[in-house]
file query.pdb (PDB, N, CA and C atoms, pLDDT in the B column)
ATOM      1  N   MET A 153      -9.877  -4.993   1.396  1.00 59.00           N
ATOM      2  CA  MET A 153      -9.097  -3.813   1.698  1.00 59.00           C
ATOM      3  C   MET A 153      -9.980  -2.570   1.525  1.00 59.00           C
ATOM      4  N   PRO A 154      -9.752  -1.575   2.356  1.00 68.00           N
ATOM      5  CA  PRO A 154     -10.555  -0.359   2.230  1.00 68.00           C
ATOM      6  C   PRO A 154     -10.214   0.414   0.956  1.00 68.00           C
ATOM      7  N   ILE A 155     -11.142   1.241   0.547  1.00 77.00           N
ATOM      8  CA  ILE A 155     -10.933   2.087  -0.630  1.00 77.00           C
ATOM      9  C   ILE A 155      -9.988   3.218  -0.224  1.00 77.00           C
ATOM     10  N   PRO A 156      -8.871   3.409  -0.942  1.00 85.00           N
ATOM     11  CA  PRO A 156      -7.925   4.466  -0.567  1.00 85.00           C
ATOM     12  C   PRO A 156      -8.500   5.850  -0.817  1.00 85.00           C
ATOM     13  N   THR A 157      -8.081   6.783  -0.004  1.00 86.00           N
ATOM     14  CA  THR A 157      -8.524   8.169  -0.132  1.00 86.00           C
ATOM     15  C   THR A 157      -7.699   8.873  -1.201  1.00 86.00           C
ATOM     16  N   LEU A 158      -8.373   9.413  -2.179  1.00 89.00           N
ATOM     17  CA  LEU A 158      -7.707  10.144  -3.242  1.00 89.00           C
ATOM     18  C   LEU A 158      -7.245  11.499  -2.706  1.00 89.00           C
ATOM     19  N   PRO A 159      -5.976  11.846  -2.883  1.00 91.00           N
ATOM     20  CA  PRO A 159      -5.497  13.153  -2.418  1.00 91.00           C
ATOM     21  C   PRO A 159      -6.278  14.279  -3.097  1.00 91.00           C
ATOM     22  N   PRO A 160      -6.576  15.352  -2.362  1.00 91.00           N
ATOM     23  CA  PRO A 160      -7.374  16.451  -2.927  1.00 91.00           C
ATOM     24  C   PRO A 160      -6.815  17.022  -4.234  1.00 91.00           C
ATOM     25  N   LEU A 161      -5.501  17.221  -4.314  1.00 92.00           N
ATOM     26  CA  LEU A 161      -4.916  17.795  -5.527  1.00 92.00           C
ATOM     27  C   LEU A 161      -5.063  16.829  -6.708  1.00 92.00           C
ATOM     28  N   ALA A 162      -4.905  15.535  -6.456  1.00 93.00           N
ATOM     29  CA  ALA A 162      -5.088  14.537  -7.523  1.00 93.00           C
ATOM     30  C   ALA A 162      -6.542  14.527  -7.976  1.00 93.00           C
ATOM     31  N   LYS A 163      -7.459  14.598  -7.021  1.00 91.00           N
ATOM     32  CA  LYS A 163      -8.889  14.615  -7.349  1.00 91.00           C
ATOM     33  C   LYS A 163      -9.219  15.839  -8.194  1.00 91.00           C
ATOM     34  N   GLU A 164      -8.695  16.976  -7.774  1.00 92.00           N
ATOM     35  CA  GLU A 164      -8.937  18.240  -8.487  1.00 92.00           C
ATOM     36  C   GLU A 164      -8.428  18.172  -9.931  1.00 92.00           C
ATOM     37  N   ARG A 165      -7.306  17.491 -10.124  1.00 94.00           N
ATOM     38  CA  ARG A 165      -6.696  17.407 -11.457  1.00 94.00           C
ATOM     39  C   ARG A 165      -7.132  16.172 -12.246  1.00 94.00           C
ATOM     40  N   GLY A 166      -8.007  15.352 -11.654  1.00 93.00           N
ATOM     41  CA  GLY A 166      -8.496  14.171 -12.342  1.00 93.00           C
ATOM     42  C   GLY A 166      -7.437  13.087 -12.501  1.00 93.00           C
ATOM     43  N   ILE A 167      -6.557  12.980 -11.507  1.00 94.00           N
ATOM     44  CA  ILE A 167      -5.482  11.998 -11.562  1.00 94.00           C
ATOM     45  C   ILE A 167      -5.901  10.755 -10.788  1.00 94.00           C
ATOM     46  N   TYR A 168      -5.917   9.623 -11.465  1.00 94.00           N
ATOM     47  CA  TYR A 168      -6.283   8.335 -10.867  1.00 94.00           C
ATOM     48  C   TYR A 168      -5.291   7.301 -11.363  1.00 94.00           C
ATOM     49  N   GLY A 169      -5.344   6.126 -10.801  1.00 95.00           N
ATOM     50  CA  GLY A 169      -4.487   5.060 -11.311  1.00 95.00           C
ATOM     51  C   GLY A 169      -3.999   4.121 -10.239  1.00 95.00           C
ATOM     52  N   VAL A 170      -3.009   3.331 -10.605  1.00 96.00           N
ATOM     53  CA  VAL A 170      -2.466   2.292  -9.735  1.00 96.00           C
ATOM     54  C   VAL A 170      -1.069   2.688  -9.281  1.00 96.00           C
ATOM     55  N   VAL A 171      -0.809   2.489  -7.998  1.00 97.00           N
ATOM     56  CA  VAL A 171       0.531   2.656  -7.453  1.00 97.00           C
ATOM     57  C   VAL A 171       1.007   1.274  -7.027  1.00 97.00           C
ATOM     58  N   LYS A 172       2.143   0.854  -7.567  1.00 98.00           N
ATOM     59  CA  LYS A 172       2.718  -0.449  -7.219  1.00 98.00           C
ATOM     60  C   LYS A 172       3.783  -0.237  -6.152  1.00 98.00           C
ATOM     61  N   LEU A 173       3.676  -1.034  -5.091  1.00 98.00           N
ATOM     62  CA  LEU A 173       4.560  -0.909  -3.943  1.00 98.00           C
ATOM     63  C   LEU A 173       5.189  -2.252  -3.603  1.00 98.00           C
ATOM     64  N   GLU A 174       6.227  -2.199  -2.792  1.00 98.00           N
ATOM     65  CA  GLU A 174       6.760  -3.388  -2.145  1.00 98.00           C
ATOM     66  C   GLU A 174       6.704  -3.102  -0.656  1.00 98.00           C
ATOM     67  N   ALA A 175       6.004  -3.971   0.084  1.00 98.00           N
ATOM     68  CA  ALA A 175       5.830  -3.785   1.524  1.00 98.00           C
ATOM     69  C   ALA A 175       6.632  -4.832   2.287  1.00 98.00           C
ATOM     70  N   THR A 176       7.314  -4.398   3.322  1.00 98.00           N
ATOM     71  CA  THR A 176       8.004  -5.319   4.226  1.00 98.00           C
ATOM     72  C   THR A 176       7.074  -5.584   5.389  1.00 98.00           C
ATOM     73  N   ILE A 177       6.713  -6.868   5.566  1.00 98.00           N
ATOM     74  CA  ILE A 177       5.770  -7.276   6.596  1.00 98.00           C
ATOM     75  C   ILE A 177       6.556  -7.932   7.737  1.00 98.00           C
ATOM     76  N   THR A 178       6.308  -7.473   8.967  1.00 97.00           N
ATOM     77  CA  THR A 178       7.036  -8.002  10.128  1.00 97.00           C
ATOM     78  C   THR A 178       6.512  -9.374  10.544  1.00 97.00           C
ATOM     79  N   LYS A 179       7.200  -9.994  11.477  1.00 97.00           N
ATOM     80  CA  LYS A 179       6.777 -11.279  12.033  1.00 97.00           C
ATOM     81  C   LYS A 179       5.417 -11.166  12.725  1.00 97.00           C
ATOM     82  N   GLN A 180       5.055  -9.949  13.146  1.00 96.00           N
ATOM     83  CA  GLN A 180       3.769  -9.716  13.815  1.00 96.00           C
ATOM     84  C   GLN A 180       2.648  -9.390  12.829  1.00 96.00           C
ATOM     85  N   GLY A 181       2.978  -9.194  11.553  1.00 96.00           N
ATOM     86  CA  GLY A 181       1.971  -8.903  10.546  1.00 96.00           C
ATOM     87  C   GLY A 181       1.743  -7.426  10.281  1.00 96.00           C
ATOM     88  N   THR A 182       2.570  -6.564  10.866  1.00 97.00           N
ATOM     89  CA  THR A 182       2.448  -5.129  10.598  1.00 97.00           C
ATOM     90  C   THR A 182       3.373  -4.756   9.439  1.00 97.00           C
ATOM     91  N   VAL A 183       3.081  -3.626   8.815  1.00 97.00           N
ATOM     92  CA  VAL A 183       3.905  -3.148   7.706  1.00 97.00           C
ATOM     93  C   VAL A 183       5.029  -2.295   8.289  1.00 97.00           C
ATOM     94  N   LYS A 184       6.244  -2.728   8.036  1.00 97.00           N
ATOM     95  CA  LYS A 184       7.427  -2.052   8.574  1.00 97.00           C
ATOM     96  C   LYS A 184       7.946  -0.969   7.636  1.00 97.00           C
ATOM     97  N   ALA A 185       7.894  -1.241   6.338  1.00 97.00           N
ATOM     98  CA  ALA A 185       8.424  -0.302   5.351  1.00 97.00           C
ATOM     99  C   ALA A 185       7.704  -0.511   4.025  1.00 97.00           C
ATOM    100  N   VAL A 186       7.651   0.565   3.242  1.00 98.00           N
ATOM    101  CA  VAL A 186       7.017   0.504   1.924  1.00 98.00           C
ATOM    102  C   VAL A 186       7.900   1.256   0.940  1.00 98.00           C
ATOM    103  N   THR A 187       8.106   0.642  -0.222  1.00 98.00           N
ATOM    104  CA  THR A 187       8.870   1.261  -1.302  1.00 98.00           C
ATOM    105  C   THR A 187       7.968   1.373  -2.527  1.00 98.00           C
ATOM    106  N   VAL A 188       7.975   2.547  -3.155  1.00 98.00           N
ATOM    107  CA  VAL A 188       7.198   2.738  -4.388  1.00 98.00           C
ATOM    108  C   VAL A 188       7.979   2.141  -5.550  1.00 98.00           C
ATOM    109  N   LEU A 189       7.335   1.251  -6.276  1.00 98.00           N
ATOM    110  CA  LEU A 189       7.935   0.661  -7.475  1.00 98.00           C
ATOM    111  C   LEU A 189       7.530   1.438  -8.722  1.00 98.00           C
ATOM    112  N   SER A 190       6.267   1.875  -8.765  1.00 98.00           N
ATOM    113  CA  SER A 190       5.789   2.717  -9.862  1.00 98.00           C
ATOM    114  C   SER A 190       4.482   3.372  -9.449  1.00 98.00           C
ATOM    115  N   GLY A 191       4.217   4.515 -10.060  1.00 96.00           N
ATOM    116  CA  GLY A 191       2.975   5.220  -9.763  1.00 96.00           C
ATOM    117  C   GLY A 191       3.112   6.702 -10.039  1.00 96.00           C
ATOM    118  N   ASN A 192       1.989   7.379 -10.016  1.00 96.00           N
ATOM    119  CA  ASN A 192       1.957   8.816 -10.240  1.00 96.00           C
ATOM    120  C   ASN A 192       2.427   9.539  -8.972  1.00 96.00           C
ATOM    121  N   PRO A 193       3.343  10.487  -9.093  1.00 95.00           N
ATOM    122  CA  PRO A 193       3.841  11.208  -7.918  1.00 95.00           C
ATOM    123  C   PRO A 193       2.736  11.861  -7.072  1.00 95.00           C
ATOM    124  N   PHE A 194       1.614  12.213  -7.694  1.00 95.00           N
ATOM    125  CA  PHE A 194       0.510  12.803  -6.943  1.00 95.00           C
ATOM    126  C   PHE A 194      -0.191  11.780  -6.047  1.00 95.00           C
ATOM    127  N   LEU A 195       0.005  10.494  -6.313  1.00 97.00           N
ATOM    128  CA  LEU A 195      -0.679   9.429  -5.578  1.00 97.00           C
ATOM    129  C   LEU A 195       0.238   8.654  -4.629  1.00 97.00           C
ATOM    130  N   ASN A 196       1.536   8.719  -4.855  1.00 96.00           N
ATOM    131  CA  ASN A 196       2.471   7.871  -4.129  1.00 96.00           C
ATOM    132  C   ASN A 196       2.410   8.015  -2.608  1.00 96.00           C
ATOM    133  N   ALA A 197       2.418   9.227  -2.095  1.00 95.00           N
ATOM    134  CA  ALA A 197       2.419   9.427  -0.642  1.00 95.00           C
ATOM    135  C   ALA A 197       1.151   8.849  -0.013  1.00 95.00           C
ATOM    136  N   SER A 198       0.005   9.045  -0.640  1.00 95.00           N
ATOM    137  CA  SER A 198      -1.246   8.497  -0.107  1.00 95.00           C
ATOM    138  C   SER A 198      -1.241   6.976  -0.154  1.00 95.00           C
ATOM    139  N   ALA A 199      -0.632   6.405  -1.196  1.00 96.00           N
ATOM    140  CA  ALA A 199      -0.549   4.946  -1.309  1.00 96.00           C
ATOM    141  C   ALA A 199       0.310   4.378  -0.179  1.00 96.00           C
ATOM    142  N   ILE A 200       1.428   5.007   0.095  1.00 96.00           N
ATOM    143  CA  ILE A 200       2.297   4.567   1.190  1.00 96.00           C
ATOM    144  C   ILE A 200       1.559   4.658   2.512  1.00 96.00           C
ATOM    145  N   GLU A 201       0.887   5.774   2.750  1.00 94.00           N
ATOM    146  CA  GLU A 201       0.131   5.968   3.988  1.00 94.00           C
ATOM    147  C   GLU A 201      -0.934   4.875   4.154  1.00 94.00           C
ATOM    148  N   GLU A 202      -1.617   4.562   3.087  1.00 94.00           N
ATOM    149  CA  GLU A 202      -2.659   3.528   3.108  1.00 94.00           C
ATOM    150  C   GLU A 202      -2.053   2.167   3.433  1.00 94.00           C
ATOM    151  N   ALA A 203      -0.985   1.803   2.721  1.00 95.00           N
ATOM    152  CA  ALA A 203      -0.364   0.493   2.921  1.00 95.00           C
ATOM    153  C   ALA A 203       0.203   0.333   4.332  1.00 95.00           C
ATOM    154  N   MET A 204       0.705   1.400   4.920  1.00 95.00           N
ATOM    155  CA  MET A 204       1.277   1.324   6.272  1.00 95.00           C
ATOM    156  C   MET A 204       0.216   0.983   7.322  1.00 95.00           C
ATOM    157  N   GLN A 205      -1.047   1.207   7.024  1.00 93.00           N
ATOM    158  CA  GLN A 205      -2.131   0.920   7.975  1.00 93.00           C
ATOM    159  C   GLN A 205      -2.603  -0.536   7.916  1.00 93.00           C
ATOM    160  N   TRP A 206      -2.272  -1.248   6.865  1.00 93.00           N
ATOM    161  CA  TRP A 206      -2.761  -2.614   6.681  1.00 93.00           C
ATOM    162  C   TRP A 206      -2.111  -3.559   7.668  1.00 93.00           C
ATOM    163  N   ARG A 207      -2.822  -4.635   7.961  1.00 94.00           N
ATOM    164  CA  ARG A 207      -2.322  -5.693   8.837  1.00 94.00           C
ATOM    165  C   ARG A 207      -2.469  -7.024   8.115  1.00 94.00           C
ATOM    166  N   TYR A 208      -1.498  -7.890   8.300  1.00 94.00           N
ATOM    167  CA  TYR A 208      -1.463  -9.190   7.638  1.00 94.00           C
ATOM    168  C   TYR A 208      -1.338 -10.303   8.669  1.00 94.00           C
ATOM    169  N   ARG A 209      -1.732 -11.503   8.261  1.00 94.00           N
ATOM    170  CA  ARG A 209      -1.393 -12.676   9.055  1.00 94.00           C
ATOM    171  C   ARG A 209       0.097 -12.898   8.859  1.00 94.00           C
ATOM    172  N   PRO A 210       0.826 -13.150   9.923  1.00 92.00           N
ATOM    173  CA  PRO A 210       2.269 -13.372   9.759  1.00 92.00           C
ATOM    174  C   PRO A 210       2.550 -14.544   8.811  1.00 92.00           C
ATOM    175  N   ALA A 211       3.564 -14.374   8.001  1.00 94.00           N
ATOM    176  CA  ALA A 211       4.016 -15.462   7.131  1.00 94.00           C
ATOM    177  C   ALA A 211       4.768 -16.476   7.990  1.00 94.00           C
ATOM    178  N   LEU A 212       4.622 -17.743   7.645  1.00 96.00           N
ATOM    179  CA  LEU A 212       5.277 -18.795   8.421  1.00 96.00           C
ATOM    180  C   LEU A 212       6.268 -19.563   7.552  1.00 96.00           C
ATOM    181  N   ARG A 213       7.383 -19.903   8.143  1.00 96.00           N
ATOM    182  CA  ARG A 213       8.361 -20.795   7.523  1.00 96.00           C
ATOM    183  C   ARG A 213       8.710 -21.836   8.579  1.00 96.00           C
ATOM    184  N   ASN A 214       8.454 -23.088   8.255  1.00 96.00           N
ATOM    185  CA  ASN A 214       8.662 -24.179   9.216  1.00 96.00           C
ATOM    186  C   ASN A 214       7.900 -23.932  10.520  1.00 96.00           C
ATOM    187  N   GLY A 215       6.711 -23.325  10.390  1.00 95.00           N
ATOM    188  CA  GLY A 215       5.858 -23.084  11.546  1.00 95.00           C
ATOM    189  C   GLY A 215       6.205 -21.860  12.370  1.00 95.00           C
ATOM    190  N   GLU A 216       7.244 -21.126  11.963  1.00 96.00           N
ATOM    191  CA  GLU A 216       7.683 -19.938  12.703  1.00 96.00           C
ATOM    192  C   GLU A 216       7.407 -18.672  11.892  1.00 96.00           C
ATOM    193  N   PRO A 217       6.948 -17.585  12.554  1.00 96.00           N
ATOM    194  CA  PRO A 217       6.729 -16.326  11.835  1.00 96.00           C
ATOM    195  C   PRO A 217       8.044 -15.785  11.266  1.00 96.00           C
ATOM    196  N   VAL A 218       7.960 -15.234  10.044  1.00 97.00           N
ATOM    197  CA  VAL A 218       9.134 -14.636   9.394  1.00 97.00           C
ATOM    198  C   VAL A 218       8.751 -13.306   8.758  1.00 97.00           C
ATOM    199  N   GLU A 219       9.737 -12.434   8.637  1.00 97.00           N
ATOM    200  CA  GLU A 219       9.542 -11.174   7.932  1.00 97.00           C
ATOM    201  C   GLU A 219       9.611 -11.456   6.435  1.00 97.00           C
ATOM    202  N   ILE A 220       8.730 -10.816   5.666  1.00 97.00           N
ATOM    203  CA  ILE A 220       8.703 -11.013   4.222  1.00 97.00           C
ATOM    204  C   ILE A 220       8.485  -9.683   3.506  1.00 97.00           C
ATOM    205  N   LYS A 221       8.734  -9.706   2.203  1.00 97.00           N
ATOM    206  CA  LYS A 221       8.421  -8.567   1.334  1.00 97.00           C
ATOM    207  C   LYS A 221       7.342  -9.024   0.368  1.00 97.00           C
ATOM    208  N   LEU A 222       6.330  -8.171   0.195  1.00 96.00           N
ATOM    209  CA  LEU A 222       5.204  -8.490  -0.678  1.00 96.00           C
ATOM    210  C   LEU A 222       4.969  -7.377  -1.683  1.00 96.00           C
ATOM    211  N   PRO A 223       4.578  -7.739  -2.910  1.00 97.00           N
ATOM    212  CA  PRO A 223       4.117  -6.699  -3.830  1.00 97.00           C
ATOM    213  C   PRO A 223       2.701  -6.283  -3.437  1.00 97.00           C
ATOM    214  N   VAL A 224       2.439  -4.993  -3.531  1.00 95.00           N
ATOM    215  CA  VAL A 224       1.125  -4.450  -3.160  1.00 95.00           C
ATOM    216  C   VAL A 224       0.717  -3.454  -4.234  1.00 95.00           C
ATOM    217  N   GLN A 225      -0.565  -3.449  -4.587  1.00 96.00           N
ATOM    218  CA  GLN A 225      -1.093  -2.442  -5.510  1.00 96.00           C
ATOM    219  C   GLN A 225      -2.195  -1.660  -4.828  1.00 96.00           C
ATOM    220  N   ILE A 226      -2.129  -0.370  -4.924  1.00 95.00           N
ATOM    221  CA  ILE A 226      -3.194   0.514  -4.427  1.00 95.00           C
ATOM    222  C   ILE A 226      -3.827   1.147  -5.662  1.00 95.00           C
ATOM    223  N   VAL A 227      -5.135   0.992  -5.786  1.00 95.00           N
ATOM    224  CA  VAL A 227      -5.847   1.503  -6.954  1.00 95.00           C
ATOM    225  C   VAL A 227      -6.681   2.715  -6.526  1.00 95.00           C
ATOM    226  N   PHE A 228      -6.397   3.843  -7.142  1.00 94.00           N
ATOM    227  CA  PHE A 228      -7.161   5.071  -6.899  1.00 94.00           C
ATOM    228  C   PHE A 228      -8.149   5.251  -8.041  1.00 94.00           C
ATOM    229  N   ARG A 229      -9.421   5.363  -7.680  1.00 90.00           N
ATOM    230  CA  ARG A 229     -10.499   5.523  -8.671  1.00 90.00           C
ATOM    231  C   ARG A 229     -11.270   6.806  -8.365  1.00 90.00           C
ATOM    232  N   PRO A 230     -11.932   7.344  -9.368  1.00 84.00           N
ATOM    233  CA  PRO A 230     -12.789   8.507  -9.108  1.00 84.00           C
ATOM    234  C   PRO A 230     -13.960   8.110  -8.219  1.00 84.00           C
ATOM    235  N   ASP A 231     -14.461   9.061  -7.470  1.00 73.00           N
ATOM    236  CA  ASP A 231     -15.643   8.807  -6.639  1.00 73.00           C
ATOM    237  C   ASP A 231     -16.822   8.442  -7.531  1.00 73.00           C
ATOM    238  N   PRO A 232     -17.647   7.496  -7.061  1.00 63.00           N
ATOM    239  CA  PRO A 232     -18.806   7.111  -7.873  1.00 63.00           C
ATOM    240  C   PRO A 232     -19.812   8.228  -8.033  1.00 63.00           C
TER     241      PRO A 232
END
call {"tool": "encode", "arguments": {"input": "query.pdb", "output": "structure tokens"}}
result
Amino acid sequence: MPIPTLPPLAKERGIYGVVKLEATITKQGTVKAVTVLSGNPFLNASAIEEAMQWRYRPALRNGEPVEIKLPVQIVFRPDP
């Protein structure tokens, strides 16, 4: 997964950490919806934006694609 972009205000204030999400993945493997389960309010919007760009292999049940919900974590770290 790509490294998420730290929001400028969070970077300026030294805010980093993990945002826990629940993502709804469609039968085609795209992210349909994202819900924040926990995280810093300064990071949440960027975490949602990042997760919405991800693509997954469709989940299969009895050989057929199905929509699923997955836990997702986005980790924001300071620049090296």
call {"tool": "resolve_selection", "arguments": {"input": "query.pdb", "expression": "the PyMOL selection byres (((chain A and resi 188 and name CA) around 10) and name CA)", "output": "PyMOL selection string"}}
result
chain A and resi 171-175+186-187+189-193+196-197+199-200+223-225
call {"tool": "write_last_selection", "arguments": {"input": "query.pdb", "atoms": "N, CA and C atoms", "output": "CSV table (one decimal), in the coordinates of the input"}}
result
chain,number,residue,atom,x,y,z
A,171,VAL,N,-0.8,2.5,-8.0
A,171,VAL,CA,0.5,2.7,-7.5
A,171,VAL,C,1.0,1.3,-7.0
A,172,LYS,N,2.1,0.9,-7.6
A,172,LYS,CA,2.7,-0.4,-7.2
A,172,LYS,C,3.8,-0.2,-6.2
A,173,LEU,N,3.7,-1.0,-5.1
A,173,LEU,CA,4.6,-0.9,-3.9
A,173,LEU,C,5.2,-2.3,-3.6
A,174,GLU,N,6.2,-2.2,-2.8
A,174,GLU,CA,6.8,-3.4,-2.1
A,174,GLU,C,6.7,-3.1,-0.7
A,175,ALA,N,6.0,-4.0,0.1
A,175,ALA,CA,5.8,-3.8,1.5
A,175,ALA,C,6.6,-4.8,2.3
A,186,VAL,N,7.7,0.6,3.2
A,186,VAL,CA,7.0,0.5,1.9
A,186,VAL,C,7.9,1.3,0.9
A,187,THR,N,8.1,0.6,-0.2
A,187,THR,CA,8.9,1.3,-1.3
A,187,THR,C,8.0,1.4,-2.5
A,189,LEU,N,7.3,1.3,-6.3
A,189,LEU,CA,7.9,0.7,-7.5
A,189,LEU,C,7.5,1.4,-8.7
A,190,SER,N,6.3,1.9,-8.8
A,190,SER,CA,5.8,2.7,-9.9
A,190,SER,C,4.5,3.4,-9.4
A,191,GLY,N,4.2,4.5,-10.1
A,191,GLY,CA,3.0,5.2,-9.8
A,191,GLY,C,3.1,6.7,-10.0
A,192,ASN,N,2.0,7.4,-10.0
A,192,ASN,CA,2.0,8.8,-10.2
A,192,ASN,C,2.4,9.5,-9.0
A,193,PRO,N,3.3,10.5,-9.1
A,193,PRO,CA,3.8,11.2,-7.9
A,193,PRO,C,2.7,11.9,-7.1
A,196,ASN,N,1.5,8.7,-4.9
A,196,ASN,CA,2.5,7.9,-4.1
A,196,ASN,C,2.4,8.0,-2.6
A,197,ALA,N,2.4,9.2,-2.1
A,197,ALA,CA,2.4,9.4,-0.6
A,197,ALA,C,1.2,8.8,0.0
A,199,ALA,N,-0.6,6.4,-1.2
A,199,ALA,CA,-0.5,4.9,-1.3
A,199,ALA,C,0.3,4.4,-0.2
A,200,ILE,N,1.4,5.0,0.1
A,200,ILE,CA,2.3,4.6,1.2
A,200,ILE,C,1.6,4.7,2.5
A,223,PRO,N,4.6,-7.7,-2.9
A,223,PRO,CA,4.1,-6.7,-3.8
A,223,PRO,C,2.7,-6.3,-3.4
A,224,VAL,N,2.4,-5.0,-3.5
A,224,VAL,CA,1.1,-4.4,-3.2
A,224,VAL,C,0.7,-3.5,-4.2
A,225,GLN,N,-0.6,-3.4,-4.6
A,225,GLN,CA,-1.1,-2.4,-5.5
A,225,GLN,C,-2.2,-1.7,-4.8
call {"tool": "select_by_dssp", "arguments": {"input": "query.pdb", "residues": "range 189-228 of chain A", "states": "strand (DSSP E)", "output": "list in words"}}
result
Leu189, Ser190, Ala211, Leu212, Arg213, Glu216, Pro217, Val218, Ile220, Lys221, Leu222, Pro223, Val224, Gln225, Ile226, Val227 and Phe228 of chain A
call {"tool": "residues_around", "arguments": {"input": "query.pdb", "residues": "range 201-204 of chain A", "least_positions_apart": "3", "cutoff": "7 Å", "atoms": "all atoms listed in the file", "output": "list in words"}}
result
Pro156, Thr182, Val183, Lys184, Asn196, Ala197, Ser198 and Arg207 of chain A
call {"tool": "axis_aligned_box", "arguments": {"input": "query.pdb", "around": "range 195-211 of chain A", "padding_each_side": "3 Å", "output": "lines of an AutoDock Vina configuration file"}}
result
center_x = 1.0
center_y = -3.0
center_z = 1.8
size_x = 13.6
size_y = 33.0
size_z = 22.2
call {"tool": "closest_residue", "arguments": {"input": "query.pdb", "among": "A:Gly181, A:Gly169, A:Leu222, A:Pro217", "to": "Leu195 in chain A", "atoms": "only N, CA and C atoms"}}
result
A:Gly169
call {"tool": "resolve_selection", "arguments": {"input": "query.pdb", "expression": "the PyMOL selection byres (((chain A and resi 163 and name CA) around 12) and name CA)", "output": "list of chain:residue names"}}
result
A:Thr157, A:Leu158, A:Pro159, A:Pro160, A:Leu161, A:Ala162, A:Glu164, A:Arg165, A:Gly166, A:Ile167, A:Tyr168, A:Gly169, A:Phe194, A:Leu195, A:Phe228, A:Arg229, A:Pro230, A:Asp231
call {"tool": "atom_distance", "arguments": {"input": "query.pdb", "atom1": "CA of Arg209 in chain A", "atom2": "atom C of Gln180 in chain A"}}
result
6.4 Å
call {"tool": "select_by_dssp", "arguments": {"input": "query.pdb", "residues": "chain A", "states": "helix (DSSP H, G or I)", "output": "JSON, numbers by chain"}}
result
{"A": [160, 161, 162, 163, 164, 165, 193, 194, 195, 196, 197, 198, 199, 200, 201, 202, 203, 204, 205]}
call {"tool": "write_last_selection", "arguments": {"input": "query.pdb", "atoms": "N, CA and C atoms", "output": "compact mmCIF listing (two decimals), keeping the file's coordinate frame"}}
result
# COMPACT_ATOMS: atom_id res chain seq x y z
N PRO A 160 -6.58 15.35 -2.36
CA PRO A 160 -7.37 16.45 -2.93
C PRO A 160 -6.82 17.02 -4.23
N LEU A 161 -5.50 17.22 -4.31
CA LEU A 161 -4.92 17.80 -5.53
C LEU A 161 -5.06 16.83 -6.71
N ALA A 162 -4.90 15.54 -6.46
CA ALA A 162 -5.09 14.54 -7.52
C ALA A 162 -6.54 14.53 -7.98
N LYS A 163 -7.46 14.60 -7.02
CA LYS A 163 -8.89 14.62 -7.35
C LYS A 163 -9.22 15.84 -8.19
N GLU A 164 -8.70 16.98 -7.77
CA GLU A 164 -8.94 18.24 -8.49
C GLU A 164 -8.43 18.17 -9.93
N ARG A 165 -7.31 17.49 -10.12
CA ARG A 165 -6.70 17.41 -11.46
C ARG A 165 -7.13 16.17 -12.25
N PRO A 193 3.34 10.49 -9.09
CA PRO A 193 3.84 11.21 -7.92
C PRO A 193 2.74 11.86 -7.07
N PHE A 194 1.61 12.21 -7.69
CA PHE A 194 0.51 12.80 -6.94
C PHE A 194 -0.19 11.78 -6.05
N LEU A 195 0.00 10.49 -6.31
CA LEU A 195 -0.68 9.43 -5.58
C LEU A 195 0.24 8.65 -4.63
N ASN A 196 1.54 8.72 -4.86
CA ASN A 196 2.47 7.87 -4.13
C ASN A 196 2.41 8.02 -2.61
N ALA A 197 2.42 9.23 -2.10
CA ALA A 197 2.42 9.43 -0.64
C ALA A 197 1.15 8.85 -0.01
N SER A 198 0.00 9.04 -0.64
CA SER A 198 -1.25 8.50 -0.11
C SER A 198 -1.24 6.98 -0.15
N ALA A 199 -0.63 6.40 -1.20
CA ALA A 199 -0.55 4.95 -1.31
C ALA A 199 0.31 4.38 -0.18
N ILE A 200 1.43 5.01 0.10
CA ILE A 200 2.30 4.57 1.19
C ILE A 200 1.56 4.66 2.51
N GLU A 201 0.89 5.77 2.75
CA GLU A 201 0.13 5.97 3.99
C GLU A 201 -0.93 4.88 4.15
N GLU A 202 -1.62 4.56 3.09
CA GLU A 202 -2.66 3.53 3.11
C GLU A 202 -2.05 2.17 3.43
N ALA A 203 -0.98 1.80 2.72
CA ALA A 203 -0.36 0.49 2.92
C ALA A 203 0.20 0.33 4.33
N MET A 204 0.70 1.40 4.92
CA MET A 204 1.28 1.32 6.27
C MET A 204 0.22 0.98 7.32
N GLN A 205 -1.05 1.21 7.02
CA GLN A 205 -2.13 0.92 7.98
C GLN A 205 -2.60 -0.54 7.92
call {"tool": "atom_distance", "arguments": {"input": "query.pdb", "atom1": "atom N of Lys221 in chain A", "atom2": "CA of Val170 in chain A"}}
result
20.3 Å
call {"tool": "atom_distance", "arguments": {"input": "query.pdb", "atom1": "atom C of Ile155 in chain A", "atom2": "CA of Val218 in chain A"}}
result
27.9 Å
call {"tool": "build_atoms", "arguments": {"input": "query.pdb", "residues": "range 201-205 of chain A", "atoms": "N, CA, C and O atoms", "output": "mmCIF file, keeping the file's coordinate frame"}}
result
data_model
loop_
_atom_site.group_PDB
_atom_site.id
_atom_site.type_symbol
_atom_site.label_atom_id
_atom_site.label_comp_id
_atom_site.auth_asym_id
_atom_site.auth_seq_id
_atom_site.Cartn_x
_atom_site.Cartn_y
_atom_site.Cartn_z
ATOM 1 N N GLU A 201 0.887 5.774 2.750
ATOM 2 C CA GLU A 201 0.131 5.968 3.988
ATOM 3 C C GLU A 201 -0.934 4.875 4.154
ATOM 4 O O GLU A 201 -1.108 4.324 5.242
ATOM 5 N N GLU A 202 -1.617 4.562 3.087
ATOM 6 C CA GLU A 202 -2.659 3.528 3.108
ATOM 7 C C GLU A 202 -2.053 2.167 3.433
ATOM 8 O O GLU A 202 -2.528 1.451 4.300
ATOM 9 N N ALA A 203 -0.985 1.803 2.721
ATOM 10 C CA ALA A 203 -0.364 0.493 2.921
ATOM 11 C C ALA A 203 0.203 0.333 4.332
ATOM 12 O O ALA A 203 0.174 -0.765 4.893
ATOM 13 N N MET A 204 0.705 1.400 4.920
ATOM 14 C CA MET A 204 1.277 1.324 6.272
ATOM 15 C C MET A 204 0.216 0.983 7.322
ATOM 16 O O MET A 204 0.554 0.492 8.404
ATOM 17 N N GLN A 205 -1.047 1.207 7.024
ATOM 18 C CA GLN A 205 -2.131 0.920 7.975
ATOM 19 C C GLN A 205 -2.603 -0.536 7.916
ATOM 20 O O GLN A 205 -3.276 -1.004 8.816
#
